[in-house]
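J.: This is the structure I want to talk about, given as structure tokens.
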Amino acid sequence: MFTNEKDESELFRNQNKWYFLVLLCLSSLGYLYNSQAIPTLQVPLEKEMGLDELAYSRLLIAEAIPGFLFLLVGGYLVDYFGAVKSFLASSVIIVLGQIICTIAAYKYSFLLFVLGKIVLVIAGESAMLSRTKIIRMWYSNNELGRSMGSMVVMATVATIICDLAYPNLYQAKQSLGLPFLVGVIVCVASVYFSVKCVQLHQDMLNLKVTIDNESEGNKGVSYKSLMELPAIFWMIVFAVSWTMIGAALVKIYQSKFLQTEYHYTVGEAGYFLAFSQVMTAIATPLAGIIADKTQKATLSMIVSIGLIQVSTLLNISIPRCEKCLWPAVPIVVTSCAVGPLMMMAYSSVMKLMDEKVMGMVTSMVPILIGGQMVIFATVAGYIANATVDVYGYKYVFILSLVIGLFGLALSVYLHYFDLNNGKRLQHHKNSLKGLLEMKLLGKSSEKKQTDEGDREMTERV
């Protein structure tokens, strides 16, 4: 029987942690569902709004700019005000951003659409930072792989639904606004799950003797803490950001690639992408379980990053044909690698960093991705505009491969750096090997004490 509030809080957490994770995943559905709208509807957007490849790339840049300019401020606010307040506020603003996008889609207003996407991305990424902070408060080191893996699975499920719903809703009614209107409804449902999530979180906090600073806000948070981050953190962030930029440049052109190179309709391309990403939903939780058991973070990242480069190379080299299944191969390979990579990256960062600055720390991944996307989406737009009529997206994919190879090289360096500097991302004390080592060490200590006792008794005799 538990005798104090701390024990009651821990008991409550253990009884509700997986139910809480379900609510946390569902609370992210609205933003994740709508975040893939632009690449999924590339052809209709270009047609209805009169965009060329350069204008389309500018739309992608506008979507990336908030991550580059705002998220460091957003991470600071998450740490300052606390995860709960930031989480609720962001969930409501997501609805506002999606409403603006819906109005813009009905009015075919490019500028209003850009404004809506900026609001949506700022709120959505801020909500993600809050969720990461909350996850760190609910789950121990040997549970982070499964919890972050579940979040990645939720993102994959939302992408699958988006790939199915957005193009087919447009195709059914020939209405650009209808898919975005459905997205508003999904966002409102996510607000409901956010409220339920916060209520359960507050119930746990109310059982604690004292409420931690990271729960209610850290008034002493400072940007100076970023200057003190270890080198291994920056290696993780840069390896992941380079890799994800390369993968993103393939993803944003994937739907039109399927339509122009393999002659699928917009709806068929949506089905194609959606069912291919089922592999991510399968691979990520399996990778999370393996990560929690083995604690081989750096090797897992190398494998995932390497697979992404293989998939990009396949996109360049596979034969072109009429509605064949060849493009399924690189899509499946990517799907099996991207989810596990993001899960390993975020769980590794969460193990290294203090919860009190988790908002600012975890914001560095989307900040770097956003900043690099501004640059490389512009370059890719010019390349696509100049070469797409003759070579398709071949040279865009070559650019993606070159960028991704930088991430692969850095991940290899990260692995050897970690091996020579304390193995902070491997053999954690909560891993099976770590527990075995601790158990053996305990037995060795007991044996040593017994031998010393026997020797002392012999000397007395």
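For the structure tokens, the naming scheme is as follows: chains receive sequential letters (A, B, ...) according to their order of presentation, residues are indexed from 1 within each chain, and ligands are indexed from 1 in presentation order.
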Any chance you could tabulate, as CSV, the residues of stretch 125-181 of chain A at most 12 Å from stretch 239-262 of chain A with each one's nearest atom pair and distance in Å to one decimal, using only C-alpha atoms, in chain and rising number order?

T.:
residue,atom,partner,partner_atom,distance
A:Thr159,CA,A:Lys251,CA,11.6
A:Asp163,CA,A:Ser255,CA,9.3
A:Leu164,CA,A:Ser255,CA,11.9
A:Pro167,CA,A:Ser255,CA,10.0

J.: Restrict the selected residues to N, CA and C atoms and save them as an mmCIF file, in the first residue's frame.

T.:
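Written output follows (part.cif):
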data_model
loop_
_atom_site.group_PDB
_atom_site.id
_atom_site.type_symbol
_atom_site.label_atom_id
_atom_site.label_comp_id
_atom_site.auth_asym_id
_atom_site.auth_seq_id
_atom_site.Cartn_x
_atom_site.Cartn_y
_atom_site.Cartn_z
ATOM 1 N N THR A 159 -1.018 11.094 -42.175
ATOM 2 C CA THR A 159 -0.567 11.271 -43.559
ATOM 3 C C THR A 159 -1.317 10.346 -44.496
ATOM 4 N N ASP A 163 -3.484 11.599 -47.536
ATOM 5 C CA ASP A 163 -3.222 11.153 -48.902
ATOM 6 C C ASP A 163 -4.461 10.552 -49.554
ATOM 7 N N LEU A 164 -5.328 9.942 -48.735
ATOM 8 C CA LEU A 164 -6.559 9.376 -49.260
ATOM 9 C C LEU A 164 -7.651 10.434 -49.406
ATOM 10 N N PRO A 167 -7.008 14.338 -51.991
ATOM 11 C CA PRO A 167 -7.188 14.264 -53.447
ATOM 12 C C PRO A 167 -8.528 13.683 -53.876
#

J.: With only C-alpha atoms counted and 7 Å as the cut-off, give the residues of stretch 123-188 of chain A in contact with stretch 20-44 of chain A, each with its shortest interatomic distance in Å and the pair that gives it, as a tab-separated table.

T.:
residue	atom	partner	partner_atom	distance
A:Gly124	CA	A:Tyr31	CA	5.7
A:Met151	CA	A:Cys25	CA	5.7
A:Met154	CA	A:Cys25	CA	5.9
A:Ala155	CA	A:Leu32	CA	5.8
A:Ala158	CA	A:Tyr33	CA	4.6
A:Thr159	CA	A:Tyr33	CA	5.8
A:Ile161	CA	A:Tyr33	CA	6.9
A:Cys162	CA	A:Tyr33	CA	5.4
A:Asp163	CA	A:Thr40	CA	6.1
A:Tyr166	CA	A:Ala37	CA	6.8
A:Pro167	CA	A:Leu41	CA	6.1
A:Gly183	CA	A:Asn34	CA	6.1
A:Val186	CA	A:Gly30	CA	5.1
A:Cys187	CA	A:Gly30	CA	4.0

J.: Print the selection's residues with C-alpha atoms to a file, as a compact mmCIF listing (two decimals), in the first residue's frame.

T.:
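Written out: result13.txt:
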# COMPACT_ATOMS: atom_id res chain seq x y z
CA GLY A 124 1.26 23.08 -35.03
CA MET A 151 3.67 9.73 -32.01
CA MET A 154 0.09 8.86 -35.42
CA ALA A 155 1.81 11.17 -37.89
CA ALA A 158 -2.64 11.14 -40.36
CA THR A 159 -0.57 11.27 -43.56
CA ILE A 161 -5.71 9.69 -44.21
CA CYS A 162 -4.58 12.95 -45.83
CA ASP A 163 -3.22 11.15 -48.90
CA TYR A 166 -7.59 15.34 -49.78
CA PRO A 167 -7.19 14.26 -53.45
CA GLY A 183 -9.66 19.48 -42.23
CA VAL A 186 -10.64 17.20 -37.82
CA CYS A 187 -8.87 20.12 -36.05

J.: With distances taken over only C-alpha atoms, which residue among A:Ile232, A:Ala269, A:Ala189, A:Ile369 lies nearest A:Ile331?

T.: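 Among A:Ile232, A:Ala269, A:Ala189, A:Ile369, it is A:Ala269 that comes nearest to A:Ile331.
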
J.: Which residue out of A:Arg13, A:Ile99, A:Tyr413, A:Ala105 has the minimum interatomic distance to A:Ala231 when only C-alpha atoms are used?

T.: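 Among the listed residues, A:Tyr413 lies closest to A:Ala231.
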
J.: Identify all residues of stretch 261-453 of chain A in alpha helix (DSSP H) (DSSP on the backbone) and supply them as a VMD selection string.

T.: chain A and resid 261 266 to 276 278 to 294 297 to 317 328 to 352 358 to 391 394 to 419 432 to 453

J.: Which is closer to A:Ala55 than all the others in A:Val114, A:Asn16, A:Val153, A:Ile398, using only C-alpha atoms?

T.: A:Val114

J.: Check the smallest atom-to-atom distance from each of A:Trp326, A:Phe417, A:Tyr346, A:Tyr19 to A:His201 using only C-alpha atoms, then report the winner.

T.: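 Closest residue, counting only C-alpha atoms: A:Tyr19.
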
J.: Residues of stretch 4-95 of chain A that have any atom at most 7 Å from an atom of stretch 374-389 of chain A: could you tabulate them with the shortest-distance atom pair and the distance in Å to one decimal, using only C-alpha atoms, ordered by chain and increasing number, as a Markdown table?

T.:
| residue | atom | partner | partner_atom | distance |
| --- | --- | --- | --- | --- |
| A:Glu53 | CA | A:Asn385 | CA | 5.3 |
| A:Leu54 | CA | A:Gly381 | CA | 5.1 |
| A:Ser57 | CA | A:Gly381 | CA | 5.1 |
| A:Leu60 | CA | A:Ala377 | CA | 6.9 |
| A:Ile61 | CA | A:Val374 | CA | 5.0 |
| A:Ala64 | CA | A:Val374 | CA | 6.2 |
| A:Ile65 | CA | A:Val374 | CA | 6.6 |

J.: Set the distance at 9 Å and use only C-alpha atoms: which residues neighbour A:Gly97 once local chain neighbours fewer than 3 positions away are removed? I'd like the list as a list in words.

T.: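 Selected residues are Ile93, Ile94, Ile100, Cys101, Thr102, Leu115, Gly116, Lys117, Ile118, Val119, Leu120, Val121 and Ala123 of chain A.
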
J.: As an MDAnalysis selection string, please: the residues near A:Ser411 (cut-off 12 Å, only C-alpha atoms, same-chain neighbours under 6 positions excluded).

T.: chainID A and resid 232:243 297:306 341 345 404:405 417:418

J.: Here is a test: counting only C-alpha atoms, which residue of A:Val195, A:Ile122, A:Gln426, A:Phe397 is nearest to A:Lys296?

T.: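 Using only C-alpha atoms, A:Lys296 sits closest to A:Gln426.
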
J.: I'd like to know which of A:Gly149, A:Asn315, A:Arg58, A:Lys173 is closest to A:Met344, using only C-alpha atoms.

T.: A:Gly149
